[in-house]
$ cat final-v2.cif   # mmCIF, C-alpha atoms
data_input
loop_
_atom_site.group_PDB
_atom_site.id
_atom_site.type_symbol
_atom_site.label_atom_id
_atom_site.label_comp_id
_atom_site.auth_asym_id
_atom_site.auth_seq_id
_atom_site.Cartn_x
_atom_site.Cartn_y
_atom_site.Cartn_z
ATOM 1 C CA MET A 117 10.443 73.057 22.099
ATOM 2 C CA ILE A 118 7.994 70.497 20.803
ATOM 3 C CA PRO A 119 6.191 72.121 17.845
ATOM 4 C CA GLU A 120 2.673 73.324 18.530
ATOM 5 C CA ASP A 121 1.108 71.075 15.886
ATOM 6 C CA ILE A 122 2.733 68.001 17.444
ATOM 7 C CA VAL A 123 1.548 69.079 20.905
ATOM 8 C CA ARG A 124 -2.001 69.180 19.488
ATOM 9 C CA PHE A 125 -1.494 65.778 17.872
ATOM 10 C CA LEU A 126 -0.317 64.305 21.189
ATOM 11 C CA ASP A 127 -3.422 65.610 22.926
ATOM 12 C CA GLY A 128 -5.639 63.699 20.513
ATOM 13 C CA ALA A 129 -3.429 60.648 19.956
ATOM 14 C CA THR A 130 -4.633 57.333 21.315
ATOM 15 C CA VAL A 131 -1.884 54.698 21.387
ATOM 16 C CA GLY A 132 1.435 55.157 23.140
ATOM 17 C CA PHE A 133 4.273 52.864 24.035
ATOM 18 C CA GLY A 134 7.857 53.246 25.098
ATOM 19 C CA ALA A 135 11.181 51.470 24.937
ATOM 20 C CA THR A 136 13.963 51.300 27.465
ATOM 21 C CA ARG A 137 17.064 49.148 27.575
ATOM 22 C CA ASP A 138 19.072 47.562 30.348
ATOM 23 C CA ASP A 139 22.806 47.653 31.044
ATOM 24 C CA LYS A 140 23.360 44.831 28.531
ATOM 25 C CA LEU A 141 21.540 46.773 25.745
ATOM 26 C CA VAL A 142 18.530 44.449 25.906
ATOM 27 C CA PRO A 143 15.449 46.492 24.872
ATOM 28 C CA LEU A 144 12.092 46.334 26.629
ATOM 29 C CA VAL A 145 8.721 47.621 25.388
ATOM 30 C CA HIS A 146 6.279 49.292 27.799
ATOM 31 C CA PHE A 147 2.603 50.037 27.172
ATOM 32 C CA ILE A 148 1.639 53.571 28.195
ATOM 33 C CA VAL A 149 -1.888 54.581 29.193
ATOM 34 C CA GLY A 150 -1.583 58.365 29.108
ATOM 35 C CA TRP A 151 0.784 61.245 28.412
ATOM 36 C CA THR A 152 0.974 64.981 28.671
ATOM 37 C CA VAL A 153 3.375 67.645 27.440
ATOM 38 C CA GLY A 154 5.014 69.883 30.032
ATOM 39 C CA ASP A 155 4.205 73.593 30.103
ATOM 40 C CA ASP A 156 7.666 74.377 28.742
ATOM 41 C CA ARG A 157 7.039 71.988 25.799
ATOM 42 C CA LYS A 158 10.413 70.369 26.480
ATOM 43 C CA THR A 159 9.254 67.413 28.540
ATOM 44 C CA ILE A 160 6.608 64.699 28.294
ATOM 45 C CA THR A 161 5.153 62.823 31.240
ATOM 46 C CA CYS A 162 4.059 59.239 30.526
ATOM 47 C CA LEU A 163 1.703 57.208 32.706
ATOM 48 C CA PHE A 164 2.351 53.502 33.254
ATOM 49 C CA PRO A 165 0.075 50.792 34.628
ATOM 50 C CA GLU A 166 1.319 48.218 37.110
ATOM 51 C CA SER A 167 1.547 45.563 34.396
ATOM 52 C CA HIS A 168 4.149 47.512 32.391
ATOM 53 C CA ARG A 169 6.285 49.173 35.037
ATOM 54 C CA GLU A 170 8.526 46.177 35.593
ATOM 55 C CA GLU A 171 12.159 47.026 34.933
ATOM 56 C CA LEU A 172 11.151 50.507 33.784
ATOM 57 C CA VAL A 173 12.559 52.527 36.655
ATOM 58 C CA SER A 174 15.617 50.312 37.111
ATOM 59 C CA SER A 175 16.488 50.729 33.416
ATOM 60 C CA LEU A 176 15.919 54.474 33.543
ATOM 61 C CA GLU A 177 18.003 54.843 36.671
ATOM 62 C CA ASP A 178 20.741 52.762 35.061
ATOM 63 C CA ASN A 179 21.076 54.735 31.827
ATOM 64 C CA GLY A 180 18.248 57.299 31.513
ATOM 65 C CA ARG A 181 17.433 56.485 27.884
ATOM 66 C CA PHE A 182 13.805 56.483 26.842
ATOM 67 C CA SER A 183 11.916 56.402 23.546
ATOM 68 C CA PHE A 184 8.218 57.163 23.328
ATOM 69 C CA THR A 185 6.163 56.379 20.238
ATOM 70 C CA VAL A 186 2.642 57.615 19.819
ATOM 71 C CA LEU A 187 0.138 57.193 17.050
ATOM 72 C CA GLY A 188 -3.272 58.528 16.384
ATOM 73 C CA SER A 189 -5.658 59.953 13.906
ATOM 74 C CA THR A 190 -4.337 62.344 11.328
ATOM 75 C CA SER A 191 -5.546 65.890 11.375
ATOM 76 C CA GLY A 192 -4.664 68.936 9.345
ATOM 77 C CA PRO A 193 -3.392 68.774 5.767
ATOM 78 C CA ARG A 194 -2.441 65.084 5.971
ATOM 79 C CA ALA A 195 -6.001 63.971 6.714
ATOM 80 C CA SER A 196 -7.935 62.239 3.976
ATOM 81 C CA ASN A 197 -10.876 64.035 2.452
ATOM 82 C CA PRO A 198 -13.532 62.830 3.017
ATOM 83 C CA PRO A 199 -12.360 61.505 6.417
ATOM 84 C CA ASN A 200 -11.427 57.817 6.436
ATOM 85 C CA PRO A 201 -10.484 56.426 9.886
ATOM 86 C CA ALA A 202 -8.980 53.242 8.396
ATOM 87 C CA VAL A 203 -6.422 55.369 6.588
ATOM 88 C CA ASP A 204 -6.021 58.241 8.991
ATOM 89 C CA PHE A 205 -5.046 56.363 12.155
ATOM 90 C CA HIS A 206 -1.455 55.904 10.973
ATOM 91 C CA GLU A 207 0.101 59.251 11.919
ATOM 92 C CA CYS A 208 2.990 58.453 14.233
ATOM 93 C CA TYR A 209 5.888 60.191 15.984
ATOM 94 C CA GLN A 210 8.747 58.991 18.126
ATOM 95 C CA PHE A 211 10.280 61.113 20.871
ATOM 96 C CA LYS A 212 13.716 60.230 22.199
ATOM 97 C CA GLY A 213 15.124 61.681 25.334
ATOM 98 C CA ASP A 214 16.447 61.399 28.837
ATOM 99 C CA TYR A 215 14.774 60.441 32.086
ATOM 100 C CA VAL A 216 14.058 63.314 34.446
ATOM 101 C CA ALA A 217 11.974 61.949 37.327
ATOM 102 C CA SER A 218 9.141 59.635 38.318
ATOM 103 C CA CYS A 219 6.483 59.663 41.021
ATOM 104 C CA PRO A 220 3.282 57.791 41.898
ATOM 105 C CA ALA A 221 0.363 58.628 39.616
ATOM 106 C CA ASN A 222 -2.462 60.689 41.123
ATOM 107 C CA GLU A 223 -6.178 61.259 40.542
ATOM 108 C CA GLY A 224 -5.479 63.883 37.873
ATOM 109 C CA ASP A 225 -3.464 61.284 35.989
ATOM 110 C CA LEU A 226 -6.365 58.856 36.235
ATOM 111 C CA ALA A 227 -8.671 61.446 34.656
ATOM 112 C CA LEU A 228 -6.228 61.796 31.762
ATOM 113 C CA VAL A 229 -6.158 58.030 31.267
ATOM 114 C CA LYS A 230 -9.957 57.932 31.163
ATOM 115 C CA ARG A 231 -9.905 60.609 28.457
ATOM 116 C CA LYS A 232 -7.355 58.593 26.451
ATOM 117 C CA ARG A 233 -9.563 55.531 26.834
ATOM 118 C CA GLU A 234 -12.538 57.364 25.344
ATOM 119 C CA GLN A 235 -10.385 58.660 22.460
ATOM 120 C CA PHE A 236 -9.167 55.107 21.865
ATOM 121 C CA LYS A 237 -12.726 53.813 21.677
ATOM 122 C CA VAL A 238 -13.760 56.430 19.129
ATOM 123 C CA LEU A 239 -10.871 55.546 16.846
ATOM 124 C CA PHE A 240 -10.463 51.808 17.257
ATOM 125 C CA GLN A 241 -13.825 50.296 18.115
ATOM 126 C CA PRO A 242 -15.123 50.901 14.580
ATOM 127 C CA LEU A 243 -11.891 49.564 13.063
ATOM 128 C CA PHE A 244 -11.342 46.456 15.160
ATOM 129 C CA GLY A 245 -14.671 45.893 16.899
ATOM 130 C CA PHE A 246 -13.163 45.921 20.391
ATOM 131 C CA SER A 247 -15.708 45.427 23.159
ATOM 132 C CA GLU A 248 -16.422 48.101 25.754
ATOM 133 C CA ARG A 249 -15.147 45.748 28.454
ATOM 134 C CA ALA A 250 -11.839 45.177 26.663
ATOM 135 C CA CYS A 251 -11.263 48.885 26.007
ATOM 136 C CA ASN A 252 -11.938 49.720 29.639
ATOM 137 C CA ALA A 253 -9.544 47.013 30.799
ATOM 138 C CA ARG A 254 -6.880 48.118 28.346
ATOM 139 C CA PHE A 255 -6.561 51.530 29.963
ATOM 140 C CA GLN A 256 -5.625 50.376 33.411
ATOM 141 C CA ARG A 257 -5.247 52.665 36.404
ATOM 142 C CA PRO A 258 -1.825 54.375 36.167
ATOM 143 C CA VAL A 259 0.583 53.742 39.022
ATOM 144 C CA LEU A 260 3.628 55.662 37.834
ATOM 145 C CA ALA A 261 4.145 59.058 36.197
ATOM 146 C CA MET A 262 7.525 59.299 34.492
ATOM 147 C CA THR A 263 8.855 62.517 32.969
ATOM 148 C CA PHE A 264 11.533 62.655 30.309
ATOM 149 C CA ARG A 265 13.165 65.524 28.489
ATOM 150 C CA VAL A 266 12.700 65.295 24.728
ATOM 151 C CA GLN A 267 15.946 65.497 22.757
ATOM 152 C CA GLU A 268 14.818 64.362 19.304
ATOM 153 C CA ILE A 269 11.555 63.871 17.420
ATOM 154 C CA TYR A 270 11.091 61.537 14.447
ATOM 155 C CA ASP A 271 8.188 61.289 12.035
ATOM 156 C CA GLN A 272 7.215 57.604 11.873
ATOM 157 C CA THR A 273 4.084 57.961 9.780
ATOM 158 C CA PRO A 274 4.235 55.088 7.261
ATOM 159 C CA GLY A 275 5.555 56.156 3.896
ATOM 160 C CA PRO A 276 8.717 57.354 2.202
ATOM 161 C CA GLY A 277 9.403 59.938 4.919
ATOM 162 C CA ALA A 278 9.156 57.461 7.760
ATOM 163 C CA GLY A 279 12.059 57.825 10.161
ATOM 164 C CA ALA A 280 12.878 61.401 9.204
ATOM 165 C CA ARG A 281 14.098 63.572 12.029
ATOM 166 C CA ILE A 282 11.976 66.640 12.620
ATOM 167 C CA GLU A 283 14.087 69.736 12.890
ATOM 168 C CA VAL A 284 12.767 71.688 15.815
ATOM 169 C CA GLY A 285 15.738 73.725 16.993
ATOM 170 C CA GLU A 286 16.791 73.523 20.611
ATOM 171 C CA LEU A 287 14.777 71.138 22.727
ATOM 172 C CA MET B 110 22.287 30.288 23.858
ATOM 173 C CA ALA B 111 18.827 31.058 25.296
ATOM 174 C CA GLN B 112 15.948 29.468 23.445
ATOM 175 C CA ALA B 113 12.238 29.476 24.186
ATOM 176 C CA ARG B 114 9.191 27.899 22.588
ATOM 177 C CA LEU B 115 6.097 29.799 21.551
ATOM 178 C CA PRO B 116 2.990 28.306 23.192
ATOM 179 C CA GLU B 117 0.185 27.306 20.850
ATOM 180 C CA GLU B 118 -2.165 29.829 22.506
ATOM 181 C CA ILE B 119 -0.070 32.709 21.164
ATOM 182 C CA ARG B 120 -0.802 31.946 17.508
ATOM 183 C CA PRO B 121 -4.277 33.514 17.404
ATOM 184 C CA VAL B 122 -2.814 36.646 18.996
ATOM 185 C CA MET B 123 -0.172 36.830 16.265
ATOM 186 C CA GLU B 124 -2.924 36.543 13.672
ATOM 187 C CA ASN B 125 -5.519 38.907 15.181
ATOM 188 C CA GLY B 126 -4.662 41.848 12.914
ATOM 189 C CA ILE B 127 -3.783 44.188 15.776
ATOM 190 C CA PRO B 128 -0.429 45.939 15.315
ATOM 191 C CA ALA B 129 2.454 44.908 17.561
ATOM 192 C CA GLN B 130 5.215 47.042 19.042
ATOM 193 C CA VAL B 131 8.916 46.433 18.611
ATOM 194 C CA GLY B 132 11.738 47.730 20.752
ATOM 195 C CA THR B 133 15.370 47.653 19.663
ATOM 196 C CA CYS B 134 18.546 49.343 20.841
ATOM 197 C CA SER B 135 21.480 50.819 18.942
ATOM 198 C CA ALA B 136 25.073 49.913 19.743
ATOM 199 C CA ASP B 137 25.470 53.221 21.546
ATOM 200 C CA GLY B 138 22.506 52.483 23.798
ATOM 201 C CA ILE B 139 19.599 54.473 22.336
ATOM 202 C CA PRO B 140 16.324 52.489 22.430
ATOM 203 C CA ASN B 141 13.874 52.646 19.541
ATOM 204 C CA ALA B 142 10.153 51.878 19.634
ATOM 205 C CA THR B 143 8.072 51.248 16.553
ATOM 206 C CA ASP B 144 4.716 49.840 15.509
ATOM 207 C CA ILE B 145 4.456 46.964 13.025
ATOM 208 C CA SER B 146 1.404 45.505 11.389
ATOM 209 C CA ARG B 147 2.146 41.898 12.237
ATOM 210 C CA VAL B 148 4.513 39.351 13.755
ATOM 211 C CA TYR B 149 4.688 36.088 11.800
ATOM 212 C CA HIS B 150 4.935 32.610 13.269
ATOM 213 C CA VAL B 151 7.703 30.681 11.487
ATOM 214 C CA ASP B 152 8.031 27.695 13.821
ATOM 215 C CA PRO B 153 7.788 27.237 17.613
ATOM 216 C CA GLN B 154 11.239 28.781 18.101
ATOM 217 C CA HIS B 155 11.235 31.505 15.457
ATOM 218 C CA VAL B 156 9.176 34.503 14.357
ATOM 219 C CA ALA B 157 9.531 36.834 11.392
ATOM 220 C CA LEU B 158 9.213 40.607 11.354
ATOM 221 C CA SER B 159 8.597 42.466 8.154
ATOM 222 C CA ASN B 160 11.386 44.724 6.977
ATOM 223 C CA GLN B 161 9.415 47.463 5.220
ATOM 224 C CA PHE B 162 10.541 50.968 5.988
ATOM 225 C CA PHE B 163 11.403 50.906 9.667
ATOM 226 C CA SER B 164 15.022 51.512 8.812
ATOM 227 C CA LYS B 165 16.133 52.516 12.293
ATOM 228 C CA THR B 166 14.935 49.145 13.588
ATOM 229 C CA VAL B 167 16.881 47.378 10.858
ATOM 230 C CA ARG B 168 20.021 49.445 11.519
ATOM 231 C CA ASN B 169 19.764 48.744 15.229
ATOM 232 C CA ILE B 170 19.344 45.021 14.683
ATOM 233 C CA ARG B 171 22.455 44.890 12.514
ATOM 234 C CA GLU B 172 24.387 46.561 15.380
ATOM 235 C CA ASN B 173 22.690 44.779 18.294
ATOM 236 C CA PRO B 174 20.637 41.681 17.417
ATOM 237 C CA ARG B 175 18.257 41.846 20.386
ATOM 238 C CA ALA B 176 14.643 42.911 20.075
ATOM 239 C CA CYS B 177 11.547 42.963 22.260
ATOM 240 C CA VAL B 178 8.031 42.584 20.863
ATOM 241 C CA ASN B 179 4.729 43.372 22.537
ATOM 242 C CA LEU B 180 1.737 41.437 21.161
ATOM 243 C CA ASN B 181 -1.746 42.674 21.987
ATOM 244 C CA ASP B 182 -4.696 40.459 22.831
ATOM 245 C CA ILE B 183 -7.153 43.262 23.538
ATOM 246 C CA GLU B 184 -10.236 41.084 24.080
ATOM 247 C CA GLY B 185 -8.263 38.650 26.230
ATOM 248 C CA CYS B 186 -6.861 41.517 28.366
ATOM 249 C CA THR B 187 -3.400 40.104 27.791
ATOM 250 C CA ASN B 188 -0.055 41.223 26.431
ATOM 251 C CA TRP B 189 2.671 38.877 25.334
ATOM 252 C CA ILE B 190 6.262 40.073 25.614
ATOM 253 C CA LEU B 191 8.714 38.229 23.376
ATOM 254 C CA HIS B 192 12.446 38.681 23.621
ATOM 255 C CA LEU B 193 14.121 37.907 20.323
ATOM 256 C CA GLU B 194 17.511 37.633 18.724
ATOM 257 C CA PHE B 195 18.007 38.290 15.020
ATOM 258 C CA ASP B 196 18.962 35.196 13.044
ATOM 259 C CA HIS B 197 18.870 35.999 9.321
ATOM 260 C CA SER B 198 17.018 37.785 6.532
ATOM 261 C CA GLU B 199 15.073 36.206 3.664
ATOM 262 C CA THR B 200 14.095 37.914 0.420
ATOM 263 C CA GLU B 201 12.425 34.892 -1.166
ATOM 264 C CA GLY B 202 10.857 31.603 -0.167
ATOM 265 C CA PRO B 203 7.603 30.573 1.516
ATOM 266 C CA THR B 204 7.907 32.811 4.588
ATOM 267 C CA PHE B 205 8.695 35.858 2.464
ATOM 268 C CA ASP B 206 5.893 35.081 0.010
ATOM 269 C CA GLU B 207 3.293 34.620 2.739
ATOM 270 C CA MET B 208 4.325 37.838 4.473
ATOM 271 C CA ASP B 209 4.314 39.732 1.189
ATOM 272 C CA MET B 210 0.785 38.561 0.428
ATOM 273 C CA GLN B 211 -0.520 39.408 3.892
ATOM 274 C CA ILE B 212 1.131 42.811 3.973
ATOM 275 C CA GLU B 213 -0.475 43.660 0.667
ATOM 276 C CA ALA B 214 -3.847 42.606 2.107
ATOM 277 C CA ILE B 215 -3.330 44.788 5.191
ATOM 278 C CA ALA B 216 -2.188 47.666 2.994
ATOM 279 C CA SER B 217 -5.266 47.333 0.856
ATOM 280 C CA MET B 218 -7.573 47.383 3.901
ATOM 281 C CA THR B 219 -5.896 50.426 5.401
ATOM 282 C CA GLY B 220 -5.418 52.503 2.275
ATOM 283 C CA MET B 221 -1.665 51.915 2.276
ATOM 284 C CA SER B 222 -1.262 50.060 -1.028
ATOM 285 C CA GLY B 223 2.016 51.106 -2.571
ATOM 286 C CA VAL B 224 3.259 52.370 0.814
ATOM 287 C CA PHE B 225 3.559 49.067 2.676
ATOM 288 C CA LYS B 226 6.153 47.115 0.702
ATOM 289 C CA LEU B 227 8.021 44.096 2.018
ATOM 290 C CA ARG B 228 11.780 44.342 1.509
ATOM 291 C CA ALA B 229 12.768 41.288 3.531
ATOM 292 C CA ALA B 230 11.484 38.822 6.064
ATOM 293 C CA ASP B 231 13.726 39.144 9.098
ATOM 294 C CA ILE B 232 13.824 35.881 11.048
ATOM 295 C CA TYR B 233 14.368 35.992 14.808
ATOM 296 C CA ARG B 234 15.023 33.304 17.384
ATOM 297 C CA VAL B 235 12.707 33.502 20.400
ATOM 298 C CA THR B 236 14.723 33.725 23.600
ATOM 299 C CA SER B 237 11.890 34.256 26.102
ATOM 300 C CA VAL B 238 8.101 34.515 26.228
ATOM 301 C CA GLU B 239 6.146 36.315 28.959
ATOM 302 C CA LYS B 240 2.378 36.493 29.285
ATOM 303 C CA ILE B 241 0.990 39.563 31.069
ATOM 304 C CA GLU B 242 -2.663 39.279 32.074
ATOM 305 C CA TYR B 243 -3.909 42.672 33.186
ATOM 306 C CA GLY B 244 -7.498 41.654 33.863
ATOM 307 C CA LEU B 245 -10.456 43.930 34.239
ATOM 308 C CA PRO B 246 -10.361 47.463 35.665
ATOM 309 C CA SER B 247 -10.805 47.846 39.404
#
$ encode --input "final-v2.cif" --output "structure tokens"
Amino acid sequence: MIPEDIVRFLDGATVGFGATRDDKLVPLVHFIVGWTVGDDRKTITCLFPESHREELVSSLEDNGRFSFTVLGSTSGPRASNPPNPAVDFHECYQFKGDYVASCPANEGDLALVKRKREQFKVLFQPLFGFSERACNARFQRPVLAMTFRVQEIYDQTPGPGAGARIEVGEL
Amino acid sequence: MAQARLPEEIRPVMENGIPAQVGTCSADGIPNATDISRVYHVDPQHVALSNQFFSKTVRNIRENPRACVNLNDIEGCTNWILHLEFDHSETEGPTFDEMDMQIEAIASMTGMSGVFKLRAADIYRVTSVEKIEYGLPS
């Protein structure tokens, strides 16, 4: 199961993207506008906008391999004290696993994307000065909800431990 | 051998300070997705990625030289997708020196001095360039 502290991190994290590959091992990056952990804490559902769904389903149906990387603001013992957003936005994890299913996104998914958009604004507008218009456009309406079963989790927070596999028992 | 040219309009996006995303794939078919602070323009047919500590990316590239990069133009409501093929690594010279200096500047701004450390400038040939304009929300 995905550890509870990482589930909490995912809920507050603001930037997500995925990688697939085709039958010739050519990788493709996909921007993701929302995500949620399944009740069993073994799966994650990612929400994709129209602009980044191209080749996604065909690659997943070909080989089922998916990697999801998410970053956000550090909380807990890793957080700087006093809080410093410029430093703390680096916490990052990668989840690798296998495609389970996909379906059209629904209104509940749209609500999740709007929440992610507001989280993104809080973290990144002060850092990069993004306009309201650009942030709103960035989090496009989701068209596809894709669920994958997590097989491995890696800590990708910059530093000497980057890339370390997180031992979580059976997933 | 596929070869593409970077349009001039992509240069400001490569220099906007917004992290980019890199996808690679191991020889046994497992994709990997990682965030990098910057993609460097070498010439119209080549870019450089910093080899810092994203060791899985480096291992994958040595097994399978293909990579995919997503560049973010947030204000322009545009993504650029570059498909790349690894060419060679440099540990000295003008490209390495410029990347080293800029990475140190980024590290300083983000409290990562001593953590971000350039090990090599990995040079990639650009094999395709795609511009994705996602426009304003409906």
$ interface_residues --input "final-v2.cif" --of "chain A" --to "chain B" --cutoff "7 Å" --atoms "all atoms listed in the file" --output "ChimeraX atom specification"
/A:134-137,141-145,167,181-185,202-203,246,250,252-254,256,275,278-279
$ atom_distance --input "final-v2.cif" --atom1 "atom CA of Glu223 of chain A" --atom2 "atom CA of Pro258 of chain A"
9.2 Å
$ resolve_selection --input "final-v2.cif" --expression "the PyMOL selection byres ((chain A and resi 164) around 8)" --output "ChimeraX atom specification"
/A:146-150,162-163,165-166,168-169,258-262
$ resolve_selection --input "final-v2.cif" --expression "the PyMOL selection byres ((chain A and resi 174) around 12)" --output "list in words"
Thr136, Arg137, Asp138, Asp139, Leu144, Arg169, Glu170, Glu171, Leu172, Val173, Ser175, Leu176, Glu177, Asp178, Asn179, Gly180, Arg181, Tyr215 and Ser218 of chain A
$ write_last_selection --input "final-v2.cif" --atoms "C-alpha atoms" --output "PDB file, keeping the file's coordinate frame"
ATOM      1  CA  THR A 136      13.963  51.300  27.465  1.00  0.00           C
ATOM      2  CA  ARG A 137      17.064  49.148  27.575  1.00  0.00           C
ATOM      3  CA  ASP A 138      19.072  47.562  30.348  1.00  0.00           C
ATOM      4  CA  ASP A 139      22.806  47.653  31.044  1.00  0.00           C
ATOM      5  CA  LEU A 144      12.092  46.334  26.629  1.00  0.00           C
ATOM      6  CA  ARG A 169       6.285  49.173  35.037  1.00  0.00           C
ATOM      7  CA  GLU A 170       8.526  46.177  35.593  1.00  0.00           C
ATOM      8  CA  GLU A 171      12.159  47.026  34.933  1.00  0.00           C
ATOM      9  CA  LEU A 172      11.151  50.507  33.784  1.00  0.00           C
ATOM     10  CA  VAL A 173      12.559  52.527  36.655  1.00  0.00           C
ATOM     11  CA  SER A 175      16.488  50.729  33.416  1.00  0.00           C
ATOM     12  CA  LEU A 176      15.919  54.474  33.543  1.00  0.00           C
ATOM     13  CA  GLU A 177      18.003  54.843  36.671  1.00  0.00           C
ATOM     14  CA  ASP A 178      20.741  52.762  35.061  1.00  0.00           C
ATOM     15  CA  ASN A 179      21.076  54.735  31.827  1.00  0.00           C
ATOM     16  CA  GLY A 180      18.248  57.299  31.513  1.00  0.00           C
ATOM     17  CA  ARG A 181      17.433  56.485  27.884  1.00  0.00           C
ATOM     18  CA  TYR A 215      14.774  60.441  32.086  1.00  0.00           C
ATOM     19  CA  SER A 218       9.141  59.635  38.318  1.00  0.00           C
TER      20      SER A 218
END
$ resolve_selection --input "final-v2.cif" --expression "the PyMOL selection byres ((chain A and resi 158) around 7)" --output "ChimeraX atom specification"
/A:117-118,154,156-157,159,265-266,287
$ axis_aligned_box --input "final-v2.cif" --around "segment 193-207 of chain B" --padding-each-side "5 Å" --output "lines of an AutoDock Vina configuration file"
center_x = 11.1
center_y = 34.4
center_z = 9.6
size_x = 25.7
size_y = 17.7
size_z = 31.5
